[in-house]
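Chemist: Just so it is clear, I am handing over final27.pdb, which has PDB, C-alpha atoms, pLDDT in the B column.
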```
ATOM      1  CA  MET A 981      16.836  22.402   5.001  1.00 82.00           C
ATOM      2  CA  LEU A 982      15.184  18.980   4.909  1.00 84.00           C
ATOM      3  CA  GLU A 983      12.656  18.502   7.714  1.00 77.00           C
ATOM      4  CA  THR A 984      11.661  14.961   8.628  1.00 80.00           C
ATOM      5  CA  THR A 985       9.069  13.554  10.989  1.00 80.00           C
ATOM      6  CA  ASN A 986      10.080  12.681  14.541  1.00 83.00           C
ATOM      7  CA  GLU A 987       9.752   8.969  13.851  1.00 89.00           C
ATOM      8  CA  VAL A 988      10.535   7.130  10.637  1.00 92.00           C
ATOM      9  CA  ARG A 989       7.834   4.885   9.176  1.00 92.00           C
ATOM     10  CA  PRO A 990       8.084   1.974   9.068  1.00 94.00           C
ATOM     11  CA  LYS A 991      10.236   1.822  12.183  1.00 94.00           C
ATOM     12  CA  SER A 992      11.929  -1.422  11.161  1.00 96.00           C
ATOM     13  CA  LEU A 993      15.146  -0.897   9.199  1.00 95.00           C
ATOM     14  CA  ILE A 994      14.537  -4.235   7.477  1.00 96.00           C
ATOM     15  CA  LEU A 995      11.114  -3.136   6.237  1.00 96.00           C
ATOM     16  CA  ARG A 996      12.494   0.179   4.993  1.00 97.00           C
ATOM     17  CA  THR A 997      15.272  -1.625   3.166  1.00 97.00           C
ATOM     18  CA  ILE A 998      12.739  -4.002   1.608  1.00 97.00           C
ATOM     19  CA  ASN A 999      10.594  -1.058   0.511  1.00 96.00           C
ATOM     20  CA  VAL A1000      13.502   0.632  -1.242  1.00 96.00           C
ATOM     21  CA  ALA A1001      14.728  -2.629  -2.790  1.00 96.00           C
ATOM     22  CA  PHE A1002      11.225  -3.386  -4.088  1.00 96.00           C
ATOM     23  CA  VAL A1003      10.815   0.055  -5.641  1.00 96.00           C
ATOM     24  CA  LEU A1004      14.319  -0.180  -7.077  1.00 94.00           C
ATOM     25  CA  VAL A1005      13.410  -3.437  -8.847  1.00 94.00           C
ATOM     26  CA  LEU A1006      10.248  -1.818 -10.220  1.00 95.00           C
ATOM     27  CA  VAL A1007      12.256   1.117 -11.562  1.00 93.00           C
ATOM     28  CA  VAL A1008      14.615  -1.265 -13.346  1.00 91.00           C
ATOM     29  CA  VAL A1009      11.756  -3.313 -14.817  1.00 92.00           C
ATOM     30  CA  ALA A1010       9.567  -0.345 -15.857  1.00 91.00           C
ATOM     31  CA  PRO A1011      11.319   0.450 -19.197  1.00 88.00           C
ATOM     32  CA  VAL A1012      11.094  -3.177 -20.403  1.00 89.00           C
ATOM     33  CA  PRO A1013       7.884  -2.576 -22.453  1.00 90.00           C
ATOM     34  CA  LEU A1014       9.781   0.047 -24.427  1.00 84.00           C
ATOM     35  CA  LEU A1015      12.355  -2.576 -25.380  1.00 83.00           C
ATOM     36  CA  PHE A1016       9.543  -4.747 -26.758  1.00 85.00           C
ATOM     37  CA  ALA A1017       8.376  -1.734 -28.782  1.00 84.00           C
ATOM     38  CA  THR A1018      11.731  -1.657 -30.584  1.00 81.00           C
ATOM     39  CA  LYS A1019      11.185  -5.248 -31.759  1.00 84.00           C
ATOM     40  CA  THR A1020       8.031  -4.510 -33.764  1.00 84.00           C
ATOM     41  CA  ASP A1021       7.079  -2.249 -36.663  1.00 84.00           C
ATOM     42  CA  ASN A1022       3.418  -2.258 -35.671  1.00 88.00           C
ATOM     43  CA  ILE A1023       2.615   1.289 -34.558  1.00 89.00           C
ATOM     44  CA  PHE A1024      -0.373   0.143 -32.479  1.00 92.00           C
ATOM     45  CA  LEU A1025       1.830  -2.278 -30.515  1.00 92.00           C
ATOM     46  CA  GLN A1026       4.482   0.415 -30.085  1.00 91.00           C
ATOM     47  CA  ILE A1027       1.905   2.820 -28.662  1.00 93.00           C
ATOM     48  CA  LEU A1028       0.537   0.065 -26.400  1.00 94.00           C
ATOM     49  CA  CYS A1029       4.040  -0.717 -25.088  1.00 92.00           C
ATOM     50  CA  ALA A1030       4.780   2.966 -24.486  1.00 92.00           C
ATOM     51  CA  ALA A1031       1.446   3.488 -22.706  1.00 94.00           C
ATOM     52  CA  THR A1032       2.081   0.420 -20.553  1.00 95.00           C
ATOM     53  CA  MET A1033       5.467   1.772 -19.529  1.00 94.00           C
ATOM     54  CA  PHE A1034       4.032   5.203 -18.717  1.00 95.00           C
ATOM     55  CA  LEU A1035       1.230   3.749 -16.574  1.00 95.00           C
ATOM     56  CA  PHE A1036       3.640   1.394 -14.812  1.00 95.00           C
ATOM     57  CA  TYR A1037       6.062   4.226 -14.091  1.00 94.00           C
ATOM     58  CA  ILE A1038       3.324   6.538 -12.859  1.00 96.00           C
ATOM     59  CA  GLY A1039       2.195   3.733 -10.552  1.00 97.00           C
ATOM     60  CA  ILE A1040       5.708   3.435  -9.145  1.00 97.00           C
ATOM     61  CA  GLY A1041       5.798   7.176  -8.542  1.00 96.00           C
ATOM     62  CA  PHE A1042       2.466   7.120  -6.743  1.00 96.00           C
ATOM     63  CA  TYR A1043       3.574   4.197  -4.570  1.00 97.00           C
ATOM     64  CA  ALA A1044       6.860   5.930  -3.696  1.00 97.00           C
ATOM     65  CA  TYR A1045       4.939   9.132  -2.930  1.00 96.00           C
ATOM     66  CA  ARG A1046       2.675   7.283  -0.486  1.00 95.00           C
ATOM     67  CA  LEU A1047       5.711   5.837   1.299  1.00 96.00           C
ATOM     68  CA  LEU A1048       7.444   9.208   1.387  1.00 95.00           C
ATOM     69  CA  ARG A1049       4.410  11.165   2.568  1.00 93.00           C
ATOM     70  CA  LYS A1050       4.537   9.337   5.911  1.00 92.00           C
ATOM     71  CA  ASN A1051       8.044  10.636   6.602  1.00 93.00           C
ATOM     72  CA  VAL A1052       7.962  14.339   5.756  1.00 90.00           C
ATOM     73  CA  SER A1053       6.560  16.943   8.115  1.00 84.00           C
ATOM     74  CA  GLY A1054       5.320  19.235   5.344  1.00 83.00           C
ATOM     75  CA  PRO A1055       4.069  18.742   1.794  1.00 85.00           C
ATOM     76  CA  VAL A1056       6.215  16.621  -0.537  1.00 87.00           C
ATOM     77  CA  PHE A1057       5.817  19.190  -3.313  1.00 85.00           C
ATOM     78  CA  THR A1058       5.420  22.927  -2.831  1.00 83.00           C
ATOM     79  CA  LYS A1059       4.221  25.600  -5.238  1.00 82.00           C
ATOM     80  CA  PRO A1060       7.061  26.907  -7.457  1.00 80.00           C
ATOM     81  CA  ASN A1061       8.142  30.471  -6.819  1.00 78.00           C
ATOM     82  CA  ILE A1062       9.485  31.763 -10.137  1.00 76.00           C
ATOM     83  CA  ARG A1063      10.182  35.155  -8.562  1.00 80.00           C
ATOM     84  CA  ASN A1064      12.860  33.680  -6.336  1.00 83.00           C
ATOM     85  CA  TRP A1065      15.684  34.501  -8.745  1.00 85.00           C
ATOM     86  CA  ARG A1066      18.394  33.817  -6.189  1.00 89.00           C
ATOM     87  CA  GLY A1067      17.055  30.314  -5.630  1.00 89.00           C
ATOM     88  CA  LEU A1068      16.716  29.685  -9.360  1.00 91.00           C
ATOM     89  CA  TRP A1069      20.272  30.787 -10.062  1.00 94.00           C
ATOM     90  CA  TRP A1070      21.512  28.609  -7.210  1.00 96.00           C
ATOM     91  CA  LEU A1071      19.832  25.601  -8.833  1.00 96.00           C
ATOM     92  CA  VAL A1072      21.402  26.468 -12.181  1.00 95.00           C
ATOM     93  CA  GLY A1073      24.743  26.754 -10.422  1.00 97.00           C
ATOM     94  CA  MET A1074      24.308  23.313  -8.872  1.00 97.00           C
ATOM     95  CA  TRP A1075      23.520  21.939 -12.320  1.00 96.00           C
ATOM     96  CA  PHE A1076      26.774  23.407 -13.601  1.00 97.00           C
ATOM     97  CA  VAL A1077      28.579  21.798 -10.665  1.00 97.00           C
ATOM     98  CA  MET A1078      27.030  18.437 -11.585  1.00 96.00           C
ATOM     99  CA  ILE A1079      27.988  18.840 -15.249  1.00 96.00           C
ATOM    100  CA  ALA A1080      31.534  19.905 -14.319  1.00 97.00           C
ATOM    101  CA  ILE A1081      32.031  16.821 -12.138  1.00 96.00           C
ATOM    102  CA  GLU A1082      30.598  14.603 -14.879  1.00 94.00           C
ATOM    103  CA  MET A1083      32.897  16.129 -17.523  1.00 94.00           C
ATOM    104  CA  ILE A1084      35.983  15.770 -15.324  1.00 96.00           C
ATOM    105  CA  LEU A1085      35.224  12.127 -14.602  1.00 95.00           C
ATOM    106  CA  ALA A1086      34.357  11.429 -18.251  1.00 92.00           C
ATOM    107  CA  GLN A1087      37.634  12.976 -19.373  1.00 94.00           C
ATOM    108  CA  LEU A1088      39.500  10.942 -16.775  1.00 95.00           C
ATOM    109  CA  ARG A1089      37.776   7.783 -18.038  1.00 93.00           C
ATOM    110  CA  LEU A1090      38.690   8.670 -21.621  1.00 91.00           C
ATOM    111  CA  GLN A1091      42.339   9.292 -20.773  1.00 93.00           C
ATOM    112  CA  LEU A1092      42.701   6.131 -18.704  1.00 93.00           C
ATOM    113  CA  THR A1093      40.553   3.687 -20.677  1.00 91.00           C
ATOM    114  CA  GLY A1094      39.659   5.219 -24.050  1.00 89.00           C
ATOM    115  CA  VAL A1095      35.923   4.758 -23.350  1.00 83.00           C
ATOM    116  CA  THR A1096      33.908   7.790 -24.470  1.00 80.00           C
ATOM    117  CA  THR A1097      30.428   7.070 -23.064  1.00 76.00           C
ATOM    118  CA  THR A1098      28.527   4.843 -20.681  1.00 71.00           C
ATOM    119  CA  GLU A1099      26.594   1.754 -21.789  1.00 67.00           C
ATOM    120  CA  ASN A1100      23.416   3.367 -20.474  1.00 66.00           C
ATOM    121  CA  GLN A1101      23.944   6.419 -22.686  1.00 66.00           C
ATOM    122  CA  GLU A1102      24.717   4.204 -25.675  1.00 67.00           C
ATOM    123  CA  ALA A1103      21.421   2.370 -25.122  1.00 63.00           C
ATOM    124  CA  ILE A1104      19.568   5.706 -24.981  1.00 63.00           C
ATOM    125  CA  ASN A1105      21.268   6.865 -28.180  1.00 63.00           C
ATOM    126  CA  GLU A1106      20.205   3.652 -29.917  1.00 64.00           C
ATOM    127  CA  LEU A1107      16.583   3.989 -28.787  1.00 60.00           C
ATOM    128  CA  THR A1108      16.472   7.604 -29.985  1.00 59.00           C
ATOM    129  CA  SER A1109      18.319   7.138 -33.277  1.00 61.00           C
ATOM    130  CA  ASN A1110      15.108   7.100 -35.382  1.00 66.00           C
ATOM    131  CA  PHE A1111      12.024   9.297 -35.188  1.00 71.00           C
ATOM    132  CA  ASN A1112       9.242   6.914 -34.201  1.00 79.00           C
ATOM    133  CA  VAL A1113       6.873   6.125 -31.323  1.00 83.00           C
ATOM    134  CA  THR A1114       9.646   4.510 -29.300  1.00 83.00           C
ATOM    135  CA  MET A1115      11.866   7.533 -29.707  1.00 83.00           C
ATOM    136  CA  VAL A1116       9.167  10.012 -28.626  1.00 85.00           C
ATOM    137  CA  ALA A1117       8.240   7.793 -25.666  1.00 88.00           C
ATOM    138  CA  MET A1118      11.885   7.617 -24.623  1.00 86.00           C
ATOM    139  CA  VAL A1119      12.219  11.407 -24.717  1.00 87.00           C
ATOM    140  CA  ILE A1120       9.050  11.889 -22.645  1.00 89.00           C
ATOM    141  CA  TYR A1121      10.193   9.209 -20.209  1.00 91.00           C
ATOM    142  CA  GLY A1122      13.717  10.561 -19.856  1.00 90.00           C
ATOM    143  CA  THR A1123      12.823  14.236 -19.669  1.00 92.00           C
ATOM    144  CA  PHE A1124       9.702  14.181 -17.506  1.00 93.00           C
ATOM    145  CA  LEU A1125       8.785  10.820 -15.958  1.00 94.00           C
ATOM    146  CA  ALA A1126      12.208   9.589 -14.875  1.00 94.00           C
ATOM    147  CA  PRO A1127      13.226  12.786 -13.027  1.00 96.00           C
ATOM    148  CA  VAL A1128      10.022  12.845 -10.976  1.00 96.00           C
ATOM    149  CA  VAL A1129       9.920   9.140 -10.084  1.00 96.00           C
ATOM    150  CA  GLU A1130      13.670   8.796  -9.525  1.00 96.00           C
ATOM    151  CA  GLU A1131      13.723  11.830  -7.227  1.00 97.00           C
ATOM    152  CA  LEU A1132      10.829  10.407  -5.214  1.00 97.00           C
ATOM    153  CA  VAL A1133      12.741   7.153  -4.817  1.00 97.00           C
ATOM    154  CA  PHE A1134      16.460   7.972  -4.710  1.00 97.00           C
ATOM    155  CA  ARG A1135      16.218  11.313  -2.947  1.00 97.00           C
ATOM    156  CA  GLY A1136      12.854  11.323  -1.200  1.00 96.00           C
ATOM    157  CA  LEU A1137      12.764   7.815   0.216  1.00 96.00           C
ATOM    158  CA  ILE A1138      16.465   7.275   0.829  1.00 97.00           C
ATOM    159  CA  LEU A1139      17.107  10.607   2.550  1.00 96.00           C
ATOM    160  CA  ASN A1140      14.008  10.259   4.704  1.00 95.00           C
ATOM    161  CA  TYR A1141      14.483   6.547   5.403  1.00 96.00           C
ATOM    162  CA  PHE A1142      18.165   6.239   6.310  1.00 96.00           C
ATOM    163  CA  PHE A1143      20.797   8.083   8.396  1.00 94.00           C
ATOM    164  CA  ARG A1144      18.319  10.759   9.455  1.00 89.00           C
ATOM    165  CA  LYS A1145      20.081  11.585  12.728  1.00 85.00           C
ATOM    166  CA  SER A1146      23.686  10.659  11.940  1.00 86.00           C
ATOM    167  CA  TRP A1147      26.450  12.186   9.824  1.00 90.00           C
ATOM    168  CA  TRP A1148      24.900  14.857   7.529  1.00 93.00           C
ATOM    169  CA  TRP A1149      26.478  13.493   4.341  1.00 95.00           C
ATOM    170  CA  ALA A1150      25.730   9.817   5.009  1.00 97.00           C
ATOM    171  CA  ASN A1151      22.364   9.560   3.248  1.00 96.00           C
ATOM    172  CA  ILE A1152      23.583  11.873   0.457  1.00 97.00           C
ATOM    173  CA  ILE A1153      26.380   9.418  -0.318  1.00 97.00           C
ATOM    174  CA  LEU A1154      23.974   6.486   0.012  1.00 97.00           C
ATOM    175  CA  SER A1155      21.571   8.180  -2.395  1.00 98.00           C
ATOM    176  CA  GLY A1156      24.281   8.525  -5.031  1.00 97.00           C
ATOM    177  CA  VAL A1157      25.527   4.969  -4.574  1.00 96.00           C
ATOM    178  CA  VAL A1158      22.026   3.497  -4.965  1.00 96.00           C
ATOM    179  CA  PHE A1159      21.068   5.901  -7.786  1.00 96.00           C
ATOM    180  CA  ALA A1160      23.961   4.644  -9.921  1.00 95.00           C
ATOM    181  CA  LEU A1161      22.886   0.983  -9.698  1.00 92.00           C
ATOM    182  CA  PRO A1162      19.938   0.977 -12.167  1.00 90.00           C
ATOM    183  CA  HIS A1163      21.894   3.212 -14.563  1.00 87.00           C
ATOM    184  CA  MET A1164      24.544   0.541 -15.052  1.00 82.00           C
ATOM    185  CA  ASP A1165      23.861  -2.415 -17.333  1.00 69.00           C
ATOM    186  CA  THR A1166      26.539  -4.483 -15.626  1.00 72.00           C
ATOM    187  CA  ILE A1167      28.289  -4.666 -12.273  1.00 77.00           C
ATOM    188  CA  PRO A1168      31.509  -2.618 -12.535  1.00 81.00           C
ATOM    189  CA  THR A1169      34.352  -5.065 -13.065  1.00 83.00           C
ATOM    190  CA  ASN A1170      36.885  -2.812 -14.782  1.00 89.00           C
ATOM    191  CA  LEU A1171      38.145   0.757 -14.547  1.00 92.00           C
ATOM    192  CA  ALA A1172      35.908   2.096 -17.328  1.00 89.00           C
ATOM    193  CA  ASP A1173      32.734   0.703 -15.751  1.00 90.00           C
ATOM    194  CA  THR A1174      33.854   1.841 -12.293  1.00 93.00           C
ATOM    195  CA  LEU A1175      34.358   5.417 -13.508  1.00 93.00           C
ATOM    196  CA  SER A1176      30.980   5.293 -15.280  1.00 92.00           C
ATOM    197  CA  TYR A1177      29.443   4.180 -11.997  1.00 94.00           C
ATOM    198  CA  VAL A1178      31.163   7.057 -10.176  1.00 95.00           C
ATOM    199  CA  ILE A1179      29.766   9.508 -12.750  1.00 95.00           C
ATOM    200  CA  TYR A1180      26.182   8.440 -12.025  1.00 95.00           C
ATOM    201  CA  ALA A1181      26.858   8.270  -8.292  1.00 96.00           C
ATOM    202  CA  SER A1182      28.220  11.831  -8.276  1.00 97.00           C
ATOM    203  CA  MET A1183      25.140  13.049 -10.161  1.00 97.00           C
ATOM    204  CA  GLY A1184      22.943  11.387  -7.560  1.00 97.00           C
ATOM    205  CA  MET A1185      24.906  12.956  -4.719  1.00 98.00           C
ATOM    206  CA  VAL A1186      24.560  16.461  -6.175  1.00 98.00           C
ATOM    207  CA  LEU A1187      20.805  15.968  -6.550  1.00 98.00           C
ATOM    208  CA  ALA A1188      20.629  14.605  -2.998  1.00 98.00           C
ATOM    209  CA  TYR A1189      22.545  17.632  -1.707  1.00 98.00           C
ATOM    210  CA  ILE A1190      20.061  19.942  -3.454  1.00 97.00           C
ATOM    211  CA  TYR A1191      17.112  18.166  -1.848  1.00 96.00           C
ATOM    212  CA  LYS A1192      18.637  18.016   1.610  1.00 96.00           C
ATOM    213  CA  LYS A1193      19.871  21.615   1.496  1.00 95.00           C
ATOM    214  CA  THR A1194      16.548  23.080   0.299  1.00 93.00           C
ATOM    215  CA  GLY A1195      14.163  20.525   1.805  1.00 91.00           C
ATOM    216  CA  ASP A1196      12.068  20.728  -1.364  1.00 92.00           C
ATOM    217  CA  LEU A1197      11.910  17.802  -3.773  1.00 95.00           C
ATOM    218  CA  LYS A1198      10.806  19.966  -6.681  1.00 95.00           C
ATOM    219  CA  ASN A1199      14.272  21.561  -6.735  1.00 96.00           C
ATOM    220  CA  SER A1200      16.136  18.314  -7.345  1.00 97.00           C
ATOM    221  CA  ILE A1201      13.431  17.329  -9.850  1.00 97.00           C
ATOM    222  CA  ALA A1202      13.952  20.601 -11.725  1.00 96.00           C
ATOM    223  CA  VAL A1203      17.723  20.101 -11.967  1.00 97.00           C
ATOM    224  CA  HIS A1204      17.223  16.456 -12.957  1.00 97.00           C
ATOM    225  CA  MET A1205      14.765  17.497 -15.694  1.00 96.00           C
ATOM    226  CA  LEU A1206      17.148  20.188 -16.925  1.00 95.00           C
ATOM    227  CA  ASN A1207      20.005  17.711 -17.123  1.00 94.00           C
ATOM    228  CA  ASN A1208      17.987  15.009 -18.898  1.00 92.00           C
ATOM    229  CA  GLY A1209      16.198  17.465 -21.175  1.00 91.00           C
ATOM    230  CA  ILE A1210      19.428  18.986 -22.455  1.00 90.00           C
ATOM    231  CA  THR A1211      20.592  15.449 -23.229  1.00 85.00           C
ATOM    232  CA  MET A1212      17.365  14.110 -24.757  1.00 82.00           C
ATOM    233  CA  ILE A1213      15.829  17.039 -26.652  1.00 79.00           C
ATOM    234  CA  PRO A1214      18.764  17.494 -29.099  1.00 78.00           C
ATOM    235  CA  LEU A1215      18.430  13.788 -29.963  1.00 74.00           C
ATOM    236  CA  LEU A1216      14.752  14.390 -30.753  1.00 74.00           C
ATOM    237  CA  VAL A1217      15.580  17.384 -32.966  1.00 76.00           C
ATOM    238  CA  VAL A1218      18.246  15.425 -34.876  1.00 73.00           C
ATOM    239  CA  ALA A1219      15.863  12.491 -35.388  1.00 69.00           C
ATOM    240  CA  ILE A1220      13.130  14.829 -36.710  1.00 73.00           C
ATOM    241  CA  MET A1221      15.587  16.486 -39.090  1.00 74.00           C
ATOM    242  CA  ASN A1222      16.732  13.088 -40.367  1.00 67.00           C
ATOM    243  CA  ALA A1223      13.112  12.020 -40.882  1.00 64.00           C
ATOM    244  CA  ILE A1224      12.329  15.175 -42.859  1.00 69.00           C
ATOM    245  CA  GLN A1225      15.297  14.777 -45.199  1.00 64.00           C
TER     246      GLN A1225
END
```
Starting from the file, give its structure as structure tokens.
Modeler:
Amino acid sequence: MLETTNEVRPKSLILRTINVAFVLVLVVVAPVPLLFATKTDNIFLQILCAATMFLFYIGIGFYAYRLLRKNVSGPVFTKPNIRNWRGLWWLVGMWFVMIAIEMILAQLRLQLTGVTTTENQEAINELTSNFNVTMVAMVIYGTFLAPVVEELVFRGLILNYFFRKSWWWANIILSGVVFALPHMDTIPTNLADTLSYVIYASMGMVLAYIYKKTGDLKNSIAVHMLNNGITMIPLLVVAIMNAIQ
């Protein structure tokens, strides 16, 4: 179970909201260098753009960690216990729950609107369509960097910043609602976009539940990495195969 400090820091709700909003903007801006990398064929510039994004994202993670560290009673990350098979299977089960919810909502979106994927996923598919520096950087970012930084922000900060003493599910729902925002290219104005938003929000809520239930951020990070890796790694394999042919 999640254990928080007796007092939240900063005490001001306005300052906490500003902190989260600021980090949220940084998370949205961080991948921009990778977009510049897609506009050039110069490998050196592509590597420079990718390195810039990585350093920027790592900086965001470190900043979020410093904010979070003030509001948890124990360590933010604990040593993994690979012998805890029951805990590992529970995490796998929660991943299946997340995938099941996503598939149900995606099928509902397809039946009601005919839309097969989200704009965010389409953008990822486009960035990973060819085997190049941008593609490799995107896979590393999506599989490893994003899960760590996003869990620090959307689970760590939000669950420790807001609704700490009120309704148990309040900050879980808030986490999902905020998590979906940077994953949408546009504000939902139609049914298809609304259902896409709900898909990302539900994923965020499942990850928030994992963190709050176990009190260990590495668990939600692990499930987030598993989910993103299963999505990204096949794209990498297909791109490599296409490059070889």
Chemist: I would like the residues chosen by the PyMOL selection byres ((chain A and resi 983) around 12) on the shown file; could you give them as a list of chain:residue names?
Modeler: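 Taken over the shown coordinates, the PyMOL selection byres ((chain A and resi 983) around 12) returns A:Met981, A:Leu982, A:Thr984, A:Thr985, A:Asn986, A:Glu987, A:Val988, A:Asn1051, A:Val1052, A:Ser1053, A:Gly1054, A:Pro1055, A:Val1056, A:Gly1136, A:Leu1139, A:Asn1140, A:Arg1144, A:Lys1145, A:Tyr1191, A:Lys1192, A:Lys1193, A:Thr1194, A:Gly1195, A:Asp1196, A:Leu1197.
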Chemist: Of the candidates A:Tyr1121, A:Tyr1141, A:Tyr1189, A:Trp1065, which shows the shortest atom-to-atom distance to Arg1049 (chain A), using only C-alpha atoms?
Modeler: A:Tyr1141
Chemist: Looking at A:Met1083, A:Met1033, A:Val1119, A:Ile1179, which one is nearest to Val1009 (chain A), with distances taken over only C-alpha atoms?
Modeler: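 The answer is A:Met1033, which sits nearest to Val1009 (chain A).
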Chemist: Tell me, in Å to one decimal, how far CA of Ile1038 (chain A) is from CA of Ala1126 (chain A).
Modeler: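 One can read the CA of Ile1038 (chain A) to CA of Ala1126 (chain A) distance as 9.6 Å.
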Chemist: Would you kindly return, as a PyMOL selection string, each protein, DNA or RNA residue with an atom no farther than 9 Å from any atom of Tyr1177 (chain A), considering only C-alpha atoms and excluding same-chain residues fewer than 4 positions away?
Modeler: chain A and resi 1098+1157+1160-1161+1163-1164+1167-1168+1172-1173+1181-1182
Chemist: Would you compute the distance between CA of Asn1064 (chain A) and CA of Pro1127 (chain A)? Give it in Å to one decimal.
Modeler: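 Between CA of Asn1064 (chain A) and CA of Pro1127 (chain A) the gap is 21.9 Å.
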Chemist: Quick one: of A:Ile1027, A:Val1158, A:Ala1150, A:Ala1080, who's nearest to Val1003 (chain A), counting all atoms listed in the file?
Modeler: A:Val1158
Chemist: Name the closest residue to Gly1094 (chain A) among the candidates A:Ala1202, A:Met1212, A:Leu995, A:Leu1175; distances are taken between atoms, counting only C-alpha atoms.
Modeler: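 Going through A:Ala1202, A:Met1212, A:Leu995, A:Leu1175 one by one, the smallest distance to Gly1094 (chain A) is for A:Leu1175.
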Chemist: Here is a test: counting all atoms listed in the file, which residue of A:Ile1120, A:Leu1125, A:Met1185, A:Ile1081 is nearest to Asn1151 (chain A)?
Modeler: A:Met1185
Chemist: Which one of A:Thr1114, A:Phe1076, A:Ile1062, A:Leu1004 sits closest to Thr1018 (chain A) if you count all atoms listed in the file?
Modeler: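 Closest candidate: A:Thr1114.
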Chemist: For CA of Thr1123 (chain A) and CA of Cys1029 (chain A), determine how far apart the two atoms are, in Å to one decimal place.
Modeler: 18.2 Å
Chemist: Please define a box with edges along x, y and z of the file around all atoms of region 1172-1184 of chain A given in the file, extend it by 3 Å on each side, and return its centre and edge lengths in Å to one decimal, as lines of an AutoDock Vina configuration file.
Modeler:
```
center_x = 29.4
center_y = 6.9
center_z = -12.4
size_x = 19.0
size_y = 18.3
size_z = 15.8
```
Chemist: Name the residues within 12 Å of (13.7, -1.1, -11.2), counting all atoms listed in the file in the file's coordinates, and put them as a ChimeraX atom specification.
Modeler: /A:1000-1012,1036-1037,1040-1041,1126,1129-1130,1133-1134,1158-1165
